file run.cif (mmCIF, C-alpha atoms)
data_protein
loop_
_atom_site.label_atom_id
_atom_site.label_comp_id
_atom_site.auth_asym_id
_atom_site.auth_seq_id
_atom_site.Cartn_x
_atom_site.Cartn_y
_atom_site.Cartn_z
CA MET A 680 -64.08 50.85 4.45
CA THR A 681 -60.87 50.67 6.47
CA GLN A 682 -57.30 50.59 5.23
CA ASN A 683 -55.14 48.27 7.33
CA THR A 684 -52.06 48.04 5.13
CA GLU A 685 -49.55 50.53 3.82
CA PRO A 686 -50.43 51.74 0.32
CA GLU A 687 -48.58 50.95 -2.85
CA LEU A 688 -46.33 53.93 -3.55
CA SER A 689 -47.54 54.67 -7.04
CA TYR A 690 -49.74 57.27 -8.73
CA PHE A 691 -52.86 55.09 -8.70
CA GLY A 692 -51.96 53.22 -5.52
CA LEU A 693 -51.93 56.43 -3.53
CA GLN A 694 -55.15 57.68 -5.14
CA ALA A 695 -56.83 54.47 -4.02
CA TYR A 696 -55.46 54.86 -0.50
CA MET A 697 -56.53 58.49 -0.18
CA GLY A 698 -59.92 57.85 -1.77
CA THR A 699 -59.52 60.32 -4.61
CA THR A 700 -59.75 60.30 -8.39
CA LYS A 701 -57.83 62.86 -10.46
CA HIS A 702 -59.00 63.97 -13.90
CA MET A 703 -57.38 66.93 -15.62
CA GLY A 704 -59.87 69.75 -15.99
CA GLY A 705 -61.73 68.82 -12.84
CA LEU A 706 -65.50 68.54 -12.59
CA GLU A 707 -66.02 71.23 -15.23
CA THR A 708 -64.47 68.99 -17.87
CA THR A 709 -66.51 66.00 -16.73
CA LYS A 710 -69.64 68.15 -17.09
CA ARG A 711 -68.62 69.06 -20.62
CA LEU A 712 -68.18 65.38 -21.45
CA ILE A 713 -71.64 64.63 -20.03
CA ASP A 714 -73.23 67.34 -22.18
CA LEU A 715 -71.55 66.16 -25.36
CA CYS A 716 -72.70 62.57 -24.74
CA HIS A 717 -76.34 63.73 -24.36
CA ILE A 718 -76.85 62.00 -21.01
CA ASP A 719 -80.30 62.06 -19.41
CA ALA A 720 -82.41 59.97 -17.05
CA ASN A 721 -82.88 57.21 -19.63
CA THR A 722 -79.16 56.74 -20.30
CA ARG A 723 -77.34 53.55 -19.27
CA ILE A 724 -73.68 54.42 -18.72
CA LEU A 725 -70.45 52.48 -18.35
CA ASP A 726 -67.76 54.39 -16.44
CA VAL A 727 -64.44 52.74 -17.31
CA GLY A 728 -61.84 53.40 -14.64
CA CYS A 729 -64.43 54.62 -12.16
CA GLY A 730 -61.84 55.24 -9.45
CA ALA A 731 -63.42 56.33 -6.17
CA GLY A 732 -66.86 56.57 -7.78
CA ALA A 733 -67.19 60.37 -7.78
CA THR A 734 -68.33 60.64 -11.41
CA ALA A 735 -70.73 57.71 -11.14
CA SER A 736 -72.48 59.11 -8.06
CA TYR A 737 -72.54 62.59 -9.58
CA LEU A 738 -74.20 61.27 -12.75
CA ILE A 739 -76.93 59.46 -10.83
CA THR A 740 -77.57 62.36 -8.46
CA THR A 741 -77.76 65.04 -11.15
CA HIS A 742 -79.24 63.14 -14.12
CA GLY A 743 -81.12 60.20 -12.62
CA CYS A 744 -79.42 57.70 -14.96
CA THR A 745 -78.02 54.23 -14.21
CA VAL A 746 -74.27 53.62 -14.08
CA VAL A 747 -72.03 50.59 -14.14
CA GLY A 748 -68.51 51.43 -12.99
CA VAL A 749 -65.44 49.26 -13.50
CA ASP A 750 -61.91 49.63 -12.22
CA ILE A 751 -58.89 47.37 -12.27
CA ARG A 752 -58.28 47.96 -8.54
CA GLU A 753 -60.47 46.24 -5.97
CA SER A 754 -59.82 49.07 -3.50
CA MET A 755 -61.29 51.59 -5.95
CA VAL A 756 -64.35 49.42 -6.55
CA ASN A 757 -64.89 49.22 -2.79
CA LEU A 758 -64.60 53.00 -2.48
CA SER A 759 -67.14 53.45 -5.29
CA ARG A 760 -69.62 51.16 -3.58
CA GLU A 761 -69.13 52.95 -0.27
CA ARG A 762 -69.66 56.34 -1.86
CA ALA A 763 -72.82 55.25 -3.71
CA ARG A 764 -74.23 53.84 -0.47
CA LYS A 765 -73.49 57.03 1.50
CA GLU A 766 -75.05 59.20 -1.21
CA GLY A 767 -78.13 56.99 -1.42
CA VAL A 768 -77.71 56.05 -5.09
CA GLU A 769 -76.66 52.41 -4.72
CA ASP A 770 -79.87 51.17 -6.37
CA SER A 771 -78.84 52.86 -9.62
CA ALA A 772 -75.16 51.90 -9.47
CA GLU A 773 -73.17 48.72 -9.95
CA PHE A 774 -69.41 48.36 -9.60
CA LYS A 775 -67.08 45.55 -10.51
CA ILE A 776 -63.42 44.79 -11.11
CA ALA A 777 -62.52 44.80 -14.81
CA ASP A 778 -59.72 45.67 -17.21
CA ALA A 779 -60.40 48.34 -19.85
CA ARG A 780 -58.63 46.14 -22.39
CA ASP A 781 -61.10 43.26 -21.88
CA LEU A 782 -64.48 44.47 -20.67
CA PRO A 783 -66.80 41.73 -19.33
CA PHE A 784 -69.91 42.89 -21.18
CA GLU A 785 -71.81 41.88 -24.30
CA ALA A 786 -71.56 44.04 -27.40
CA ASP A 787 -74.00 46.97 -27.65
CA SER A 788 -74.72 46.99 -23.89
CA PHE A 789 -74.53 50.72 -23.04
CA ASP A 790 -75.89 54.01 -24.33
CA VAL A 791 -72.75 55.91 -23.27
CA VAL A 792 -69.27 54.73 -22.33
CA LEU A 793 -67.03 57.18 -20.47
CA CYS A 794 -63.29 56.89 -19.90
CA GLU A 795 -61.40 59.64 -18.06
CA SER A 796 -57.63 59.63 -17.54
CA VAL A 797 -57.42 55.88 -18.02
CA ALA A 798 -56.37 55.15 -21.60
CA THR A 799 -53.49 57.61 -21.15
CA PHE A 800 -51.77 55.10 -18.90
CA VAL A 801 -52.38 52.02 -21.07
CA VAL A 802 -49.94 50.97 -23.78
CA GLU A 803 -52.64 49.18 -25.80
CA LYS A 804 -54.74 52.27 -26.54
CA LEU A 805 -56.24 50.84 -29.72
CA GLN A 806 -57.37 47.74 -27.80
CA VAL A 807 -59.01 49.93 -25.15
CA ALA A 808 -60.76 52.08 -27.79
CA ASN A 809 -62.02 48.96 -29.53
CA GLU A 810 -63.51 47.66 -26.28
CA LEU A 811 -65.18 50.99 -25.52
CA ALA A 812 -66.76 51.01 -28.97
CA ARG A 813 -67.72 47.33 -28.83
CA VAL A 814 -69.86 47.64 -25.72
CA THR A 815 -71.57 50.84 -26.91
CA ARG A 816 -74.92 50.41 -28.67
CA PRO A 817 -75.35 51.67 -32.24
CA GLY A 818 -76.12 55.37 -32.06
CA GLY A 819 -74.57 55.64 -28.59
CA TYR A 820 -71.56 57.71 -27.58
CA VAL A 821 -68.02 57.05 -26.43
CA GLY A 822 -66.55 59.95 -24.43
CA LEU A 823 -62.96 60.35 -23.28
CA ASN A 824 -61.01 62.90 -21.28
CA GLU A 825 -57.33 62.08 -21.74
CA GLU A 826 -53.95 63.76 -21.52
CA ILE A 827 -52.28 65.06 -24.70
CA TRP A 828 -49.22 66.86 -25.91
CA ILE A 829 -50.48 70.22 -27.15
CA LYS A 830 -47.24 70.57 -29.10
CA PRO A 831 -44.19 68.30 -29.35
CA PRO A 832 -42.20 68.62 -26.10
CA PRO A 833 -38.42 68.53 -25.69
CA ALA A 834 -37.27 64.96 -25.03
CA GLU A 835 -36.13 65.68 -21.47
CA LEU A 836 -39.43 67.34 -20.58
CA SER A 837 -41.39 64.42 -22.00
CA LYS A 838 -39.34 61.96 -19.96
CA ALA A 839 -39.68 63.99 -16.75
CA ALA A 840 -43.45 64.45 -17.12
CA ARG A 841 -44.02 60.76 -17.80
CA GLN A 842 -41.92 59.81 -14.77
CA LEU A 843 -43.80 62.28 -12.55
CA TRP A 844 -47.23 60.87 -13.43
CA GLU A 845 -45.91 57.34 -14.05
CA ILE A 846 -47.11 57.24 -17.66
CA LYS A 847 -45.36 54.35 -19.41
CA PRO A 848 -46.47 54.89 -23.03
CA GLU A 849 -45.87 57.99 -25.10
CA LEU A 850 -48.66 60.55 -24.93
CA PRO A 851 -50.65 61.04 -28.15
CA THR A 852 -51.61 64.41 -29.57
CA ALA A 853 -55.31 65.26 -29.89
CA GLY A 854 -55.10 64.34 -33.57
CA GLU A 855 -53.62 60.95 -32.76
CA TRP A 856 -56.38 60.26 -30.22
CA GLN A 857 -58.91 61.14 -32.91
CA GLN A 858 -57.28 58.69 -35.34
CA ILE A 859 -57.51 55.94 -32.72
CA LEU A 860 -61.25 56.53 -32.28
CA GLU A 861 -61.83 56.67 -36.02
CA SER A 862 -59.98 53.40 -36.48
CA VAL A 863 -62.50 51.55 -34.27
CA GLY A 864 -65.44 52.82 -36.29
CA LEU A 865 -66.63 55.83 -34.30
CA GLN A 866 -68.08 58.69 -36.32
CA ASP A 867 -68.65 62.45 -36.09
CA ILE A 868 -65.80 62.72 -33.60
CA LEU A 869 -65.63 66.00 -31.72
CA VAL A 870 -62.29 67.02 -30.23
CA GLU A 871 -61.75 69.84 -27.74
CA ALA A 872 -58.17 70.42 -26.60
CA TYR A 873 -57.41 72.32 -23.39
CA GLN A 874 -54.37 73.78 -21.74
CA PHE A 875 -53.92 73.58 -17.98
CA ASP A 876 -56.03 76.15 -16.15
CA SER A 877 -55.92 76.45 -12.36
CA ARG A 878 -59.54 77.60 -12.16
CA ARG A 879 -60.82 74.52 -13.98
CA GLU A 880 -58.52 72.27 -11.97
CA SER A 881 -59.90 73.69 -8.71
CA SER A 882 -63.36 72.42 -9.68
CA GLN A 883 -61.94 68.98 -8.81
CA LEU A 884 -62.82 69.74 -5.19
CA LYS A 885 -66.52 69.89 -6.05
CA ARG A 886 -66.47 66.13 -6.58
CA TYR A 887 -65.99 65.50 -2.88
CA ARG A 888 -67.85 65.92 0.39
CA LEU A 889 -66.29 67.30 3.58
CA GLU A 890 -65.95 63.73 4.84
CA ASP A 891 -63.94 62.84 1.73
CA MET A 892 -61.68 65.86 2.15
CA TRP A 893 -61.02 65.05 5.81
CA ARG A 894 -60.12 61.44 4.93
CA MET A 895 -57.65 62.60 2.26
CA ILE A 896 -55.99 65.11 4.60
CA HIS A 897 -55.85 62.70 7.54
CA ARG A 898 -54.43 59.79 5.56
CA THR A 899 -51.88 61.94 3.75
CA GLY A 900 -50.65 63.53 6.98
CA SER A 901 -50.55 60.27 8.88
CA LEU A 902 -48.70 58.48 6.10
CA TYR A 903 -46.20 61.32 5.76
CA PHE A 904 -45.19 61.20 9.41
CA ARG A 905 -44.95 57.43 9.78
CA ASN A 906 -43.62 56.30 6.39
CA ARG A 907 -40.15 57.40 5.31
CA ALA A 908 -40.53 55.82 1.86
CA PHE A 909 -43.63 57.95 1.25
CA ARG A 910 -41.74 61.09 2.23
CA GLU A 911 -39.01 60.25 -0.26
CA TYR A 912 -41.60 59.43 -2.92
CA MET A 913 -43.29 62.82 -2.48
CA LYS A 914 -39.98 64.68 -2.30
CA ASN A 915 -39.10 63.40 -5.77
CA ARG A 916 -42.44 64.69 -7.09
CA GLN A 917 -42.55 68.16 -5.62
CA ARG A 918 -41.15 69.95 -8.62
CA LEU A 919 -42.93 69.98 -11.95
CA PRO A 920 -40.74 70.09 -15.05
CA LYS A 921 -40.20 73.69 -16.17
CA LYS A 922 -42.84 74.98 -18.57
CA VAL A 923 -44.53 71.57 -18.64
CA PHE A 924 -48.00 73.05 -19.10
CA GLU A 925 -46.90 74.86 -22.24
CA TYR A 926 -46.81 71.39 -23.77
CA LEU A 927 -49.02 69.12 -21.63
CA GLY A 928 -52.79 69.43 -21.78
CA TYR A 929 -55.85 67.26 -22.17
CA ALA A 930 -58.61 66.64 -24.67
CA VAL A 931 -62.29 65.83 -24.52
CA LEU A 932 -63.12 63.45 -27.36
CA VAL A 933 -66.61 62.20 -28.18
CA GLY A 934 -67.57 59.87 -31.01
CA GLN A 935 -70.82 58.18 -32.01
CA LYS A 936 -71.11 54.52 -32.90
#
call {"tool": "encode", "arguments": {"input": "run.cif", "output": "structure tokens"}}
result
Amino acid sequence: MTQNTEPELSYFGLQAYMGTTKHMGGLETTKRLIDLCHIDANTRILDVGCGAGATASYLITTHGCTVVGVDIRESMVNLSRERARKEGVEDSAEFKIADARDLPFEADSFDVVLCESVATFVVEKLQVANELARVTRPGGYVGLNEEIWIKPPPAELSKAARQLWEIKPELPTAGEWQQILESVGLQDILVEAYQFDSRRESSQLKRYRLEDMWRMIHRTGSLYFRNRAFREYMKNRQRLPKKVFEYLGYAVLVGQK
């Protein structure tokens, strides 16, 4: 797939341009989510917000399952299809454009529904949770990996962190995420809260091949030198708010329908 236009200068716009998908906790946290959802070769999975398709291809390669991935961005769907083709798993994968708030599937369609770093950015979290639960079969699992406030942050830190990652709604705590899942009828909800850990974050790199890494480096460097607006955009995001990771973390949440 070729990119002929300048990217949208936004958190997700640049991820789509670079061909990357960022989940807090890296691949290690995705693996934990997979274990808790009891995924095996017979599992039919919906990956909501599939991004560049790294998780979908990983699931098929390592577990032999089938995956349907959806993303609101056409560019991400195209990247997912390209990745599945290059990794030889396209026969077990399907990708389409869809909104997490209105999934185009019948009720009870999937054994497991995964959603990583997607609902965080959506104002209508209850609507998203209801859709995830709706398309999960009875006895199946809904698994999320989403950002949380580990403890209430100072107002200025909250504002700065949300601006940095372009998060419009307020971030829930782990307990508030759990209440959302309970309210849509999920049961036996397990919640694991994590603080930022550089070792776990570095496992993000294991999602990608050398070809992926080269594309990210090349596109980032090229864009930096030719696009002044991108340089300004990155300059304003170089500094994290002080002590942000004392307050900001993420949670793995799994509930059964």
call {"tool": "resolve_selection", "arguments": {"input": "run.cif", "expression": "the PyMOL selection byres ((chain A and resi 778) around 12)", "output": "ChimeraX atom specification"}}
result
/A:726-729,748-753,775-777,779-784,797-798,801,803,806-807,810-811
call {"tool": "resolve_selection", "arguments": {"input": "run.cif", "expression": "the PyMOL selection byres ((chain A and resi 814) around 6)", "output": "list in words"}}
result
Ala786, Asp787, Ser788, Leu811, Ala812, Arg813 and Thr815 of chain A
call {"tool": "atom_distance", "arguments": {"input": "run.cif", "atom1": "atom CA of A:Leu712", "atom2": "atom CA of A:Cys794"}}
result
9.9 Å
call {"tool": "residues_around", "arguments": {"input": "run.cif", "residues": "A:Ala763", "least_positions_apart": "6", "cutoff": "8 Å", "atoms": "all atoms listed in the file", "output": "list in words"}}
result
Gly732, Ser736, Glu769 and Ala772 of chain A
call {"tool": "resolve_selection", "arguments": {"input": "run.cif", "expression": "the PyMOL selection byres ((chain A and resi 800) around 8)", "output": "PyMOL selection string"}}
result
chain A and resi 796-799+801-802+845-848
call {"tool": "closest_residue", "arguments": {"input": "run.cif", "among": "A:Leu927, A:Val768, A:Leu805, A:Ala853", "to": "A:Pro832", "atoms": "only C-alpha atoms"}}
result
A:Leu927
call {"tool": "closest_residue", "arguments": {"input": "run.cif", "among": "A:Arg905, A:Lys922, A:His742, A:Arg894", "to": "A:Leu836", "atoms": "all atoms listed in the file"}}
result
A:Lys922
call {"tool": "closest_residue", "arguments": {"input": "run.cif", "among": "A:Ala720, A:Asn915, A:Val746, A:Lys701", "to": "A:Ala839", "atoms": "all atoms listed in the file"}}
result
A:Asn915
call {"tool": "atom_distance", "arguments": {"input": "run.cif", "atom1": "atom CA of A:Asp876", "atom2": "atom CA of A:Arg841"}}
result
19.6 Å
call {"tool": "closest_residue", "arguments": {"input": "run.cif", "among": "A:Asn906, A:Thr709, A:Ser759, A:Thr899", "to": "A:Ala930", "atoms": "only C-alpha atoms"}}
result
A:Thr709
call {"tool": "residues_around", "arguments": {"input": "run.cif", "residues": "A:Cys744", "least_positions_apart": "2", "cutoff": "9 Å", "atoms": "all atoms listed in the file", "output": "number ranges by chain"}}
result
A: 718-724, 738-742, 746, 771
call {"tool": "residues_around", "arguments": {"input": "run.cif", "residues": "A:Val870", "least_positions_apart": "3", "cutoff": "9 Å", "atoms": "only C-alpha atoms", "output": "list of chain:residue names"}}
result
A:Ala853, A:Gly854, A:Trp856, A:Gln857, A:Ala930, A:Val931, A:Leu932, A:Val933, A:Gly934
call {"tool": "atom_distance", "arguments": {"input": "run.cif", "atom1": "atom CA of A:Tyr926", "atom2": "atom CA of A:Arg879"}}
result
17.4 Å
call {"tool": "residues_around", "arguments": {"input": "run.cif", "residues": "A:Glu685", "least_positions_apart": "4", "cutoff": "12 Å", "atoms": "all atoms listed in the file", "output": "list in words"}}
result
Thr681, Ser689, Gly692, Leu693, Ala695, Tyr696, Met697, Arg898, Thr899, Ser901, Leu902, Tyr903, Arg905, Asn906, Arg907, Ala908 and Phe909 of chain A
call {"tool": "closest_residue", "arguments": {"input": "run.cif", "among": "A:Glu871, A:Glu835, A:Asp770, A:Asp790", "to": "A:Thr708", "atoms": "all atoms listed in the file"}}
result
A:Glu871
call {"tool": "closest_residue", "arguments": {"input": "run.cif", "among": "A:Arg762, A:Lys936, A:His702, A:Lys830", "to": "A:Gly864", "atoms": "only C-alpha atoms"}}
result
A:Lys936
call {"tool": "residues_around", "arguments": {"input": "run.cif", "residues": "A:Glu761", "least_positions_apart": "3", "cutoff": "12 Å", "atoms": "only C-alpha atoms", "output": "PyMOL selection string"}}
result
chain A and resi 680-681+698+730-733+735-736+754-758+764-769+772-774+891
call {"tool": "axis_aligned_box", "arguments": {"input": "run.cif", "around": "stretch 775-789 of chain A", "padding_each_side": "3 Å", "output": "AutoDock Vina command-line options"}}
result
--center_x -66.7 --center_y 46.2 --center_z -19.1 --size_x 22.1 --size_y 15.0 --size_z 23.1
call {"tool": "build_atoms", "arguments": {"input": "run.cif", "residues": "stretch 819-853 of chain A", "atoms": "N, CA and C atoms", "output": "tab-separated table (two decimals), in the frame of the given file"}}
result
chain	number	residue	atom	x	y	z
A	819	GLY	N	-75.04	55.16	-29.89
A	819	GLY	CA	-74.57	55.64	-28.59
A	819	GLY	C	-73.25	56.38	-28.71
A	820	TYR	N	-72.75	56.85	-27.58
A	820	TYR	CA	-71.56	57.71	-27.58
A	820	TYR	C	-70.44	57.12	-26.72
A	821	VAL	N	-69.23	57.32	-27.21
A	821	VAL	CA	-68.02	57.05	-26.43
A	821	VAL	C	-67.39	58.41	-26.12
A	822	GLY	N	-67.13	58.67	-24.83
A	822	GLY	CA	-66.55	59.95	-24.43
A	822	GLY	C	-65.29	59.76	-23.61
A	823	LEU	N	-64.22	60.44	-23.98
A	823	LEU	CA	-62.96	60.35	-23.28
A	823	LEU	C	-62.48	61.73	-22.83
A	824	ASN	N	-61.77	61.74	-21.73
A	824	ASN	CA	-61.01	62.90	-21.28
A	824	ASN	C	-59.61	62.38	-20.98
A	825	GLU	N	-58.66	62.67	-21.86
A	825	GLU	CA	-57.33	62.08	-21.74
A	825	GLU	C	-56.24	63.12	-21.98
A	826	GLU	N	-55.08	62.86	-21.39
A	826	GLU	CA	-53.95	63.76	-21.52
A	826	GLU	C	-53.41	63.76	-22.94
A	827	ILE	N	-52.86	64.91	-23.36
A	827	ILE	CA	-52.28	65.06	-24.70
A	827	ILE	C	-51.03	65.93	-24.62
A	828	TRP	N	-50.23	65.84	-25.65
A	828	TRP	CA	-49.22	66.86	-25.91
A	828	TRP	C	-49.86	67.91	-26.82
A	829	ILE	N	-49.92	69.13	-26.34
A	829	ILE	CA	-50.48	70.22	-27.15
A	829	ILE	C	-49.55	70.53	-28.32
A	830	LYS	N	-48.25	70.44	-28.06
A	830	LYS	CA	-47.24	70.57	-29.10
A	830	LYS	C	-46.08	69.67	-28.70
A	831	PRO	N	-45.27	69.24	-29.66
A	831	PRO	CA	-44.19	68.30	-29.35
A	831	PRO	C	-43.26	68.86	-28.27
A	832	PRO	N	-43.05	68.13	-27.18
A	832	PRO	CA	-42.20	68.62	-26.10
A	832	PRO	C	-40.73	68.26	-26.33
A	833	PRO	N	-39.81	68.97	-25.70
A	833	PRO	CA	-38.42	68.53	-25.69
A	833	PRO	C	-38.33	67.14	-25.06
A	834	ALA	N	-37.38	66.35	-25.50
A	834	ALA	CA	-37.27	64.96	-25.03
A	834	ALA	C	-37.14	64.87	-23.52
A	835	GLU	N	-36.33	65.74	-22.92
A	835	GLU	CA	-36.13	65.68	-21.47
A	835	GLU	C	-37.41	66.03	-20.72
A	836	LEU	N	-38.18	66.98	-21.22
A	836	LEU	CA	-39.43	67.34	-20.58
A	836	LEU	C	-40.43	66.19	-20.67
A	837	SER	N	-40.49	65.56	-21.82
A	837	SER	CA	-41.39	64.42	-22.00
A	837	SER	C	-41.05	63.31	-21.01
A	838	LYS	N	-39.78	63.01	-20.88
A	838	LYS	CA	-39.34	61.96	-19.96
A	838	LYS	C	-39.68	62.32	-18.52
A	839	ALA	N	-39.43	63.56	-18.13
A	839	ALA	CA	-39.68	63.99	-16.75
A	839	ALA	C	-41.17	63.96	-16.43
A	840	ALA	N	-42.01	64.43	-17.35
A	840	ALA	CA	-43.45	64.45	-17.12
A	840	ALA	C	-44.01	63.03	-17.01
A	841	ARG	N	-43.54	62.15	-17.84
A	841	ARG	CA	-44.02	60.76	-17.80
A	841	ARG	C	-43.58	60.06	-16.52
A	842	GLN	N	-42.38	60.39	-16.04
A	842	GLN	CA	-41.92	59.81	-14.77
A	842	GLN	C	-42.74	60.35	-13.60
A	843	LEU	N	-43.05	61.65	-13.64
A	843	LEU	CA	-43.80	62.28	-12.55
A	843	LEU	C	-45.16	61.64	-12.38
A	844	TRP	N	-45.87	61.44	-13.49
A	844	TRP	CA	-47.23	60.87	-13.43
A	844	TRP	C	-47.24	59.37	-13.73
A	845	GLU	N	-46.06	58.78	-13.85
A	845	GLU	CA	-45.91	57.34	-14.05
A	845	GLU	C	-46.69	56.87	-15.28
A	846	ILE	N	-46.49	57.59	-16.38
A	846	ILE	CA	-47.11	57.24	-17.66
A	846	ILE	C	-46.10	56.46	-18.48
A	847	LYS	N	-46.33	55.18	-18.70
A	847	LYS	CA	-45.36	54.35	-19.41
A	847	LYS	C	-45.34	54.61	-20.91
A	848	PRO	N	-46.50	54.66	-21.58
A	848	PRO	CA	-46.47	54.89	-23.03
A	848	PRO	C	-46.25	56.35	-23.37
A	849	GLU	N	-45.93	56.62	-24.63
A	849	GLU	CA	-45.87	57.99	-25.10
A	849	GLU	C	-47.28	58.58	-25.13
A	850	LEU	N	-47.37	59.87	-24.87
A	850	LEU	CA	-48.66	60.55	-24.93
A	850	LEU	C	-49.00	60.90	-26.37
A	851	PRO	N	-50.23	60.62	-26.82
A	851	PRO	CA	-50.65	61.04	-28.15
A	851	PRO	C	-50.97	62.54	-28.18
A	852	THR	N	-51.03	63.09	-29.36
A	852	THR	CA	-51.61	64.41	-29.57
A	852	THR	C	-53.12	64.24	-29.69
A	853	ALA	N	-53.86	65.34	-29.70
A	853	ALA	CA	-55.31	65.26	-29.89
A	853	ALA	C	-55.65	64.61	-31.22
